[in-house]
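**Q** Sharing work_25.cif, mmCIF, C-alpha atoms; chains and numbers go by the auth columns:
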data_target
loop_
_atom_site.group_PDB
_atom_site.id
_atom_site.type_symbol
_atom_site.label_atom_id
_atom_site.label_comp_id
_atom_site.label_asym_id
_atom_site.label_seq_id
_atom_site.Cartn_x
_atom_site.Cartn_y
_atom_site.Cartn_z
_atom_site.B_iso_or_equiv
_atom_site.auth_seq_id
_atom_site.auth_asym_id
ATOM 1 C CA GLY A 1 93.314 119.398 106.564 0.00 1 A
ATOM 2 C CA GLN A 2 96.038 118.359 104.220 0.00 2 A
ATOM 3 C CA GLN A 3 94.902 116.186 101.356 0.00 3 A
ATOM 4 C CA VAL A 4 96.693 114.045 98.856 0.00 4 A
ATOM 5 C CA MET A 5 94.686 113.672 95.675 0.00 5 A
ATOM 6 C CA GLN A 6 95.350 110.853 93.252 0.00 6 A
ATOM 7 C CA ILE A 7 94.053 110.389 89.722 0.00 7 A
ATOM 8 C CA PRO A 8 92.723 108.504 87.941 0.00 8 A
ATOM 9 C CA GLN A 9 90.754 106.295 90.305 0.00 9 A
ATOM 10 C CA TYR A 10 90.707 103.446 87.785 0.00 10 A
ATOM 11 C CA GLN A 11 92.716 102.648 84.685 0.00 11 A
ATOM 12 C CA HIS A 12 92.172 99.784 82.284 0.00 12 A
ATOM 13 C CA VAL A 13 94.911 99.115 79.769 0.00 13 A
ATOM 14 C CA GLN A 14 95.828 96.533 77.199 0.00 14 A
ATOM 15 C CA GLU A 15 98.974 94.618 78.004 0.00 15 A
ATOM 16 C CA GLY A 16 101.910 96.463 76.506 0.00 16 A
ATOM 17 C CA GLU A 17 100.365 99.907 76.868 0.00 17 A
ATOM 18 C CA ASP A 18 101.818 102.519 79.194 0.00 18 A
ATOM 19 C CA PHE A 19 100.194 103.648 82.441 0.00 19 A
ATOM 20 C CA THR A 20 100.546 106.787 84.551 0.00 20 A
ATOM 21 C CA THR A 21 99.053 107.764 87.889 0.00 21 A
ATOM 22 C CA TYR A 22 99.295 111.267 89.326 0.00 22 A
ATOM 23 C CA CYS A 23 99.434 112.505 92.884 0.00 23 A
ATOM 24 C CA ASN A 24 98.796 116.104 93.973 0.00 24 A
ATOM 25 C CA SER A 25 98.981 117.754 97.371 0.00 25 A
ATOM 26 C CA SER A 26 97.408 120.954 98.600 0.00 26 A
ATOM 27 C CA THR A 27 100.630 121.779 100.449 0.00 27 A
ATOM 28 C CA THR A 28 104.338 121.270 99.899 0.00 28 A
ATOM 29 C CA LEU A 29 105.460 117.772 100.743 0.00 29 A
ATOM 30 C CA SER A 30 108.720 116.952 102.483 0.00 30 A
ATOM 31 C CA ASN A 31 108.741 113.558 100.825 0.00 31 A
ATOM 32 C CA ILE A 32 106.463 111.205 98.953 0.00 32 A
ATOM 33 C CA GLN A 33 106.212 107.450 99.037 0.00 33 A
ATOM 34 C CA TRP A 34 104.632 105.019 96.598 0.00 34 A
ATOM 35 C CA TYR A 35 103.056 101.682 97.492 0.00 35 A
ATOM 36 C CA LYS A 36 101.551 98.840 95.489 0.00 36 A
ATOM 37 C CA GLN A 37 98.725 96.639 96.712 0.00 37 A
ATOM 38 C CA ARG A 38 97.971 93.471 94.802 0.00 38 A
ATOM 39 C CA PRO A 39 94.342 92.257 94.793 0.00 39 A
ATOM 40 C CA GLY A 40 93.570 90.727 98.179 0.00 40 A
ATOM 41 C CA GLY A 41 96.979 91.725 99.506 0.00 41 A
ATOM 42 C CA HIS A 42 98.513 94.437 101.616 0.00 42 A
ATOM 43 C CA PRO A 43 100.361 97.608 100.564 0.00 43 A
ATOM 44 C CA VAL A 44 104.018 97.082 99.778 0.00 44 A
ATOM 45 C CA PHE A 45 106.536 99.917 99.694 0.00 45 A
ATOM 46 C CA LEU A 46 107.947 100.738 96.256 0.00 46 A
ATOM 47 C CA ILE A 47 109.995 103.902 96.614 0.00 47 A
ATOM 48 C CA GLN A 48 110.491 107.221 98.396 0.00 48 A
ATOM 49 C CA LEU A 49 111.267 110.565 96.727 0.00 49 A
ATOM 50 C CA VAL A 50 112.689 113.429 98.757 0.00 50 A
ATOM 51 C CA LYS A 51 114.363 115.984 96.482 0.00 51 A
ATOM 52 C CA SER A 52 112.657 118.564 94.296 0.00 52 A
ATOM 53 C CA GLY A 53 112.540 117.337 90.685 0.00 53 A
ATOM 54 C CA GLU A 54 113.805 113.904 91.661 0.00 54 A
ATOM 55 C CA VAL A 55 113.384 111.061 89.177 0.00 55 A
ATOM 56 C CA LYS A 56 113.910 107.423 90.085 0.00 56 A
ATOM 57 C CA LYS A 57 113.551 104.297 88.000 0.00 57 A
ATOM 58 C CA GLN A 58 112.843 100.701 88.894 0.00 58 A
ATOM 59 C CA LYS A 59 112.958 98.625 85.720 0.00 59 A
ATOM 60 C CA ARG A 60 109.779 99.656 83.833 0.00 60 A
ATOM 61 C CA LEU A 61 108.585 102.005 86.607 0.00 61 A
ATOM 62 C CA THR A 62 109.554 105.695 86.622 0.00 62 A
ATOM 63 C CA PHE A 63 108.789 107.905 89.602 0.00 63 A
ATOM 64 C CA GLN A 64 108.938 111.695 89.540 0.00 64 A
ATOM 65 C CA PHE A 65 108.684 114.354 92.246 0.00 65 A
ATOM 66 C CA GLY A 66 107.637 117.801 91.062 0.00 66 A
ATOM 67 C CA GLU A 67 109.865 120.846 91.257 0.00 67 A
ATOM 68 C CA ALA A 68 107.498 122.481 93.756 0.00 68 A
ATOM 69 C CA LYS A 69 107.238 119.229 95.739 0.00 69 A
ATOM 70 C CA LYS A 70 103.458 119.318 95.467 0.00 70 A
ATOM 71 C CA ASN A 71 102.983 116.595 92.896 0.00 71 A
ATOM 72 C CA SER A 72 104.352 113.257 91.869 0.00 72 A
ATOM 73 C CA SER A 73 103.774 110.650 89.224 0.00 73 A
ATOM 74 C CA LEU A 74 104.332 106.964 88.613 0.00 74 A
ATOM 75 C CA HIS A 75 104.722 105.812 85.034 0.00 75 A
ATOM 76 C CA ILE A 76 104.803 102.181 83.956 0.00 76 A
ATOM 77 C CA THR A 77 106.153 101.424 80.498 0.00 77 A
ATOM 78 C CA ALA A 78 104.726 98.473 78.580 0.00 78 A
ATOM 79 C CA THR A 79 102.438 97.124 81.268 0.00 79 A
ATOM 80 C CA GLN A 80 102.345 93.432 82.085 0.00 80 A
ATOM 81 C CA THR A 81 99.679 91.389 83.840 0.00 81 A
ATOM 82 C CA THR A 82 101.933 91.317 86.899 0.00 82 A
ATOM 83 C CA ASP A 83 101.449 95.091 87.231 0.00 83 A
ATOM 84 C CA VAL A 84 97.797 94.616 88.203 0.00 84 A
ATOM 85 C CA GLY A 85 96.913 96.185 91.544 0.00 85 A
ATOM 86 C CA THR A 86 96.265 99.479 93.262 0.00 86 A
ATOM 87 C CA TYR A 87 99.019 102.078 93.436 0.00 87 A
ATOM 88 C CA PHE A 88 99.028 104.525 96.320 0.00 88 A
ATOM 89 C CA CYS A 89 101.030 107.647 96.897 0.00 89 A
ATOM 90 C CA ALA A 90 101.553 108.942 100.423 0.00 90 A
ATOM 91 C CA GLY A 91 102.876 112.227 101.724 0.00 91 A
ATOM 92 C CA ARG A 92 103.774 113.509 105.144 0.00 92 A
ATOM 93 C CA GLY A 93 100.913 115.158 107.002 0.00 93 A
ATOM 94 C CA SER A 94 101.074 118.029 109.469 0.00 94 A
ATOM 95 C CA GLN A 95 101.231 115.550 112.375 0.00 95 A
ATOM 96 C CA GLY A 96 104.183 113.816 110.751 0.00 96 A
ATOM 97 C CA ASN A 97 102.141 110.842 109.663 0.00 97 A
ATOM 98 C CA LEU A 98 101.620 109.506 106.185 0.00 98 A
ATOM 99 C CA ILE A 99 98.561 110.776 104.336 0.00 99 A
ATOM 100 C CA PHE A 100 97.590 108.312 101.626 0.00 100 A
ATOM 101 C CA GLY A 101 95.941 109.116 98.346 0.00 101 A
ATOM 102 C CA LYS A 102 92.868 107.058 97.479 0.00 102 A
ATOM 103 C CA GLY A 103 94.856 105.029 94.994 0.00 103 A
ATOM 104 C CA THR A 104 94.685 104.162 91.317 0.00 104 A
ATOM 105 C CA LYS A 105 93.425 100.691 90.510 0.00 105 A
ATOM 106 C CA LEU A 106 95.155 99.282 87.446 0.00 106 A
ATOM 107 C CA SER A 107 93.762 96.408 85.445 0.00 107 A
ATOM 108 C CA VAL A 108 95.661 94.910 82.516 0.00 108 A
ATOM 109 C CA LYS A 109 93.955 92.979 79.748 0.00 109 A
ATOM 110 C CA PRO A 110 96.174 90.277 78.258 0.00 110 A
ATOM 111 C CA ASN B 1 111.712 87.482 110.766 0.00 1 B
ATOM 112 C CA ALA B 2 107.934 87.158 110.574 0.00 2 B
ATOM 113 C CA GLY B 3 107.592 90.909 109.915 0.00 3 B
ATOM 114 C CA VAL B 4 104.186 92.316 110.852 0.00 4 B
ATOM 115 C CA THR B 5 101.568 89.772 111.841 0.00 5 B
ATOM 116 C CA GLN B 6 97.866 90.332 112.393 0.00 6 B
ATOM 117 C CA THR B 7 95.164 88.154 113.890 0.00 7 B
ATOM 118 C CA PRO B 8 92.508 87.221 113.133 0.00 8 B
ATOM 119 C CA LYS B 9 92.427 87.224 109.325 0.00 9 B
ATOM 120 C CA PHE B 10 88.647 87.346 109.225 0.00 10 B
ATOM 121 C CA GLN B 11 86.025 88.212 111.828 0.00 11 B
ATOM 122 C CA VAL B 12 82.252 88.575 111.873 0.00 12 B
ATOM 123 C CA LEU B 13 80.722 90.548 114.728 0.00 13 B
ATOM 124 C CA LYS B 14 77.251 91.538 115.738 0.00 14 B
ATOM 125 C CA THR B 15 76.487 95.185 116.427 0.00 15 B
ATOM 126 C CA GLY B 16 77.479 96.058 119.978 0.00 16 B
ATOM 127 C CA GLN B 17 80.042 93.299 120.410 0.00 17 B
ATOM 128 C CA SER B 18 83.594 94.119 121.356 0.00 18 B
ATOM 129 C CA MET B 19 86.810 92.637 120.087 0.00 19 B
ATOM 130 C CA THR B 20 90.533 93.206 119.838 0.00 20 B
ATOM 131 C CA LEU B 21 92.522 93.069 116.639 0.00 21 B
ATOM 132 C CA GLN B 22 96.053 91.920 117.341 0.00 22 B
ATOM 133 C CA CYS B 23 99.184 93.278 115.703 0.00 23 B
ATOM 134 C CA ALA B 24 102.769 92.289 116.394 0.00 24 B
ATOM 135 C CA GLN B 25 106.116 93.014 114.773 0.00 25 B
ATOM 136 C CA ASP B 26 109.532 91.475 115.349 0.00 26 B
ATOM 137 C CA MET B 27 111.651 94.135 113.645 0.00 27 B
ATOM 138 C CA ASN B 28 112.120 96.303 116.761 0.00 28 B
ATOM 139 C CA HIS B 29 110.264 99.141 115.072 0.00 29 B
ATOM 140 C CA GLU B 30 109.334 102.050 117.298 0.00 30 B
ATOM 141 C CA TYR B 31 106.545 103.421 115.119 0.00 31 B
ATOM 142 C CA MET B 32 103.327 101.453 114.685 0.00 32 B
ATOM 143 C CA SER B 33 99.981 102.433 113.255 0.00 33 B
ATOM 144 C CA TRP B 34 96.521 101.193 112.358 0.00 34 B
ATOM 145 C CA TYR B 35 94.727 101.964 109.097 0.00 35 B
ATOM 146 C CA ARG B 36 91.334 101.069 107.777 0.00 36 B
ATOM 147 C CA GLN B 37 90.707 100.579 104.088 0.00 37 B
ATOM 148 C CA ASP B 38 87.301 101.061 102.541 0.00 38 B
ATOM 149 C CA PRO B 39 86.415 100.925 98.818 0.00 39 B
ATOM 150 C CA GLY B 40 87.291 104.203 97.134 0.00 40 B
ATOM 151 C CA MET B 41 88.612 105.719 100.374 0.00 41 B
ATOM 152 C CA GLY B 42 92.210 104.649 100.352 0.00 42 B
ATOM 153 C CA LEU B 43 93.989 104.068 103.659 0.00 43 B
ATOM 154 C CA ARG B 44 92.873 106.155 106.602 0.00 44 B
ATOM 155 C CA LEU B 45 94.902 106.398 109.789 0.00 45 B
ATOM 156 C CA ILE B 46 93.070 105.378 112.968 0.00 46 B
ATOM 157 C CA HIS B 47 95.707 105.528 115.722 0.00 47 B
ATOM 158 C CA TYR B 48 99.466 105.488 115.870 0.00 48 B
ATOM 159 C CA SER B 49 102.265 105.053 118.370 0.00 49 B
ATOM 160 C CA VAL B 50 105.809 106.407 118.335 0.00 50 B
ATOM 161 C CA GLY B 51 106.970 104.056 121.057 0.00 51 B
ATOM 162 C CA ALA B 52 105.937 101.971 124.036 0.00 52 B
ATOM 163 C CA GLY B 53 103.570 103.875 126.296 0.00 53 B
ATOM 164 C CA ILE B 54 102.813 106.571 123.702 0.00 54 B
ATOM 165 C CA THR B 55 99.762 106.629 121.454 0.00 55 B
ATOM 166 C CA ASP B 56 97.921 109.301 119.524 0.00 56 B
ATOM 167 C CA GLN B 57 94.875 109.704 117.337 0.00 57 B
ATOM 168 C CA GLY B 58 94.881 109.681 113.589 0.00 58 B
ATOM 169 C CA GLU B 59 92.275 110.780 111.086 0.00 59 B
ATOM 170 C CA VAL B 60 89.408 108.451 112.120 0.00 60 B
ATOM 171 C CA PRO B 61 89.884 107.454 115.803 0.00 61 B
ATOM 172 C CA ASN B 62 86.262 107.380 116.997 0.00 62 B
ATOM 173 C CA GLY B 63 85.083 103.956 118.154 0.00 63 B
ATOM 174 C CA TYR B 64 88.605 102.574 118.535 0.00 64 B
ATOM 175 C CA ASN B 65 91.079 102.348 121.405 0.00 65 B
ATOM 176 C CA VAL B 66 94.736 101.388 121.378 0.00 66 B
ATOM 177 C CA SER B 67 97.518 100.768 123.850 0.00 67 B
ATOM 178 C CA ARG B 68 101.235 100.126 123.472 0.00 68 B
ATOM 179 C CA SER B 69 102.644 98.322 126.483 0.00 69 B
ATOM 180 C CA THR B 70 105.541 96.758 124.542 0.00 70 B
ATOM 181 C CA THR B 71 107.529 97.660 121.455 0.00 71 B
ATOM 182 C CA GLU B 72 106.292 94.544 119.694 0.00 72 B
ATOM 183 C CA ASP B 73 102.529 94.716 120.169 0.00 73 B
ATOM 184 C CA PHE B 74 99.909 97.285 119.198 0.00 74 B
ATOM 185 C CA PRO B 75 96.349 95.955 119.649 0.00 75 B
ATOM 186 C CA LEU B 76 93.301 97.773 118.337 0.00 76 B
ATOM 187 C CA ARG B 77 90.111 97.519 120.379 0.00 77 B
ATOM 188 C CA LEU B 78 86.570 97.983 119.173 0.00 78 B
ATOM 189 C CA LEU B 79 84.504 98.650 122.291 0.00 79 B
ATOM 190 C CA SER B 80 81.040 98.413 120.706 0.00 80 B
ATOM 191 C CA ALA B 81 81.127 97.395 117.076 0.00 81 B
ATOM 192 C CA ALA B 82 78.967 99.208 114.543 0.00 82 B
ATOM 193 C CA PRO B 83 78.202 98.327 110.894 0.00 83 B
ATOM 194 C CA SER B 84 80.190 101.432 109.862 0.00 84 B
ATOM 195 C CA GLN B 85 83.288 99.686 111.184 0.00 85 B
ATOM 196 C CA THR B 86 83.023 96.983 108.542 0.00 86 B
ATOM 197 C CA SER B 87 86.339 97.331 106.775 0.00 87 B
ATOM 198 C CA VAL B 88 89.757 95.877 106.171 0.00 88 B
ATOM 199 C CA TYR B 89 92.197 96.818 108.912 0.00 89 B
ATOM 200 C CA PHE B 90 95.933 97.050 108.352 0.00 90 B
ATOM 201 C CA CYS B 91 98.616 97.408 110.950 0.00 91 B
ATOM 202 C CA ALA B 92 101.934 98.926 109.878 0.00 92 B
ATOM 203 C CA SER B 93 105.295 99.574 111.481 0.00 93 B
ATOM 204 C CA SER B 94 108.487 101.437 110.726 0.00 94 B
ATOM 205 C CA TYR B 95 111.630 102.747 112.352 0.00 95 B
ATOM 206 C CA THR B 96 111.516 106.162 113.982 0.00 96 B
ATOM 207 C CA GLY B 97 110.198 109.096 111.974 0.00 97 B
ATOM 208 C CA GLY B 98 107.130 107.235 110.722 0.00 98 B
ATOM 209 C CA ALA B 99 106.388 109.264 107.628 0.00 99 B
ATOM 210 C CA TYR B 100 110.009 109.237 106.444 0.00 100 B
ATOM 211 C CA GLN B 101 110.510 105.555 106.824 0.00 101 B
ATOM 212 C CA THR B 102 109.279 102.587 104.862 0.00 102 B
ATOM 213 C CA GLN B 103 105.999 101.369 106.283 0.00 103 B
ATOM 214 C CA TYR B 104 105.760 97.588 106.598 0.00 104 B
ATOM 215 C CA PHE B 105 102.159 96.434 106.480 0.00 105 B
ATOM 216 C CA GLY B 106 100.635 93.320 107.982 0.00 106 B
ATOM 217 C CA PRO B 107 98.368 91.042 105.912 0.00 107 B
ATOM 218 C CA GLY B 108 95.191 92.694 107.209 0.00 108 B
ATOM 219 C CA THR B 109 92.071 91.728 109.136 0.00 109 B
ATOM 220 C CA ARG B 110 88.772 91.649 107.276 0.00 110 B
ATOM 221 C CA LEU B 111 85.962 92.635 109.647 0.00 111 B
ATOM 222 C CA LEU B 112 82.251 92.390 108.987 0.00 112 B
ATOM 223 C CA VAL B 113 79.833 93.915 111.502 0.00 113 B
ATOM 224 C CA LEU B 114 76.244 92.811 111.144 0.00 114 B
#
Write the structure described by the file as structure tokens, please.

**A**
Amino acid sequence: GQQVMQIPQYQHVQEGEDFTTYCNSSTTLSNIQWYKQRPGGHPVFLIQLVKSGEVKKQKRLTFQFGEAKKNSSLHITATQTTDVGTYFCAGRGSQGNLIFGKGTKLSVKP
Amino acid sequence: NAGVTQTPKFQVLKTGQSMTLQCAQDMNHEYMSWYRQDPGMGLRLIHYSVGAGITDQGEVPNGYNVSRSTTEDFPLRLLSAAPSQTSVYFCASSYTGGAYQTQYFGPGTRLLVL
């Protein structure tokens, strides 16, 4: 079945360093969503990308959707301790449901 | 609006016991779904519903039943709990076109099966 792969699984950074997580699909995606889950919390929607090559920014977060619509990335500039959590990408599966990647757990050392 | 609510927050069961995890939303969302989250496995879809009276299986449906008698409620039933069902369960809802719409997640239910 369709899979959404996400790397890395873990990332430890010093506060102020940049962070990037990558999402890859075995098939073309119609859209991709990104979620953030704080420790002990629930996933919270961040953004949705729909167009090939689309780039969206939210303050220090930059989201990209690949030209072939098979990959996406989330880049955080100058991480802060408030960025700690697990970041998930999710793409549309063949049944029309969201298929989630396994997530990238980010820890930030002050 | 309360958003998506789930009860209970925590539950301990013995193998073979049954229970129902409750999920309710007050946003008039048509699409509702249940996920389980295990370490290193991400979020896996158990069952989903596109509207009252309509349910379908997700990626990992075995051992779980659902029903959708109203737009607001989408309970998840464990008929005979097994240790493999120890997990964190999240309910989510959205407007129509589930995968295209923002998913709103509940706070989760942490289940331990002994």

**Q** Any idea what's packed within 10 Å of Tyr35 in chain B, counting only C-alpha atoms, ignoring anything in its chain fewer than 2 positions away? Could you give it as number ranges by chain?

**A** B: 33, 37-38, 42-48, 58-61, 87-92, 105, 108

**Q** Applied to this file, what does the PyMOL selection byres ((chain A and resi 51-54) around 8) return in terms of residues, put as a ChimeraX atom specification?

**A** /A:31,49-50,55-56,64-69

**Q** Name every residue that the PyMOL selection byres ((chain A) within 9 of (chain B)) selects in this structure, writing the answer as a PyMOL selection string with chains first and numbers rising.

**A** chain A and resi 9+30-33+41-48+88+90-93+95-103

**Q** Care to translate the PyMOL selection byres ((chain B and resi 16) around 6) into actual residues of this file, as a tab-separated table (two decimals) with C-alpha atoms, keeping the file's coordinate frame?

**A**
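Once everything was written out, this is part.tsv:
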chain	number	residue	atom	x	y	z
B	15	THR	CA	76.49	95.18	116.43
B	17	GLN	CA	80.04	93.30	120.41
B	80	SER	CA	81.04	98.41	120.71
B	81	ALA	CA	81.13	97.40	117.08

**Q** Please, what distance in Å, to one decimal, runs between CA of Ile76 in chain A and CA of Gln3 in chain A?

**A**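 We find that CA of Ile76 in chain A and CA of Gln3 in chain A lie 24.4 Å from each other.
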
**Q** Could you put an axis-aligned box around every listed atom of range 87-94 of chain A, padded by 8 Å on each side, and send me its centre and edge lengths in Å to one decimal, as lines of an AutoDock Vina configuration file?

**A**
center_x = 101.4
center_y = 110.1
center_z = 101.5
size_x = 20.8
size_y = 32.0
size_z = 32.0

**Q** Give me, please, the distance in Å between CA of Gly85 in chain A and CA of Tyr22 in chain A, quoted to one decimal.

**A** 15.4 Å

**Q** How many Å separate CA of Thr109 in chain B from CA of Gln11 in chain A?

**A**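 So the answer is 26.8 Å.
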
**Q** With only C-alpha atoms counted, which protein, DNA or RNA residues have an atom no more than 10 Å from (99.9, 102.1, 131.5) in the file frame? Please answer as a list in words.

**A**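 Using only C-alpha atoms, the matching residues come out as Ala52, Gly53, Ile54, Ser67, Arg68 and Ser69 of chain B.
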
**Q** For Asn71 in chain A, which residue out of A:Gln14, A:Gln6, A:Gln58, A:Ser107 is the nearest one, using all atoms listed in the file?

**A**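 Ranked by minimum distance to Asn71 in chain A, first place goes to A:Gln6.
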
**Q** Do you know which residues are at most 8 Å from Thr20 in chain B counting all atoms listed in the file, after dropping those on the same chain fewer than 4 positions away, and could you put them as a list in words?

**A**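 Contacts, in chain order: Pro75, Leu76, Arg77 and Leu78 of chain B.
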
**Q** Pick from A:Thr77, A:Gln2, A:Ser72, A:Gln37: nearest to Glu17 in chain A, with only C-alpha atoms counted?

**A**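 So, comparing all the options, the nearest one is A:Thr77.
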
**Q** Using only C-alpha atoms, find the one residue out of B:Met27, B:Leu21, B:Val113, B:Val66 that sits nearest to Gln6 in chain B.

**A**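 Of all the options, B:Leu21 lies closest to Gln6 in chain B.
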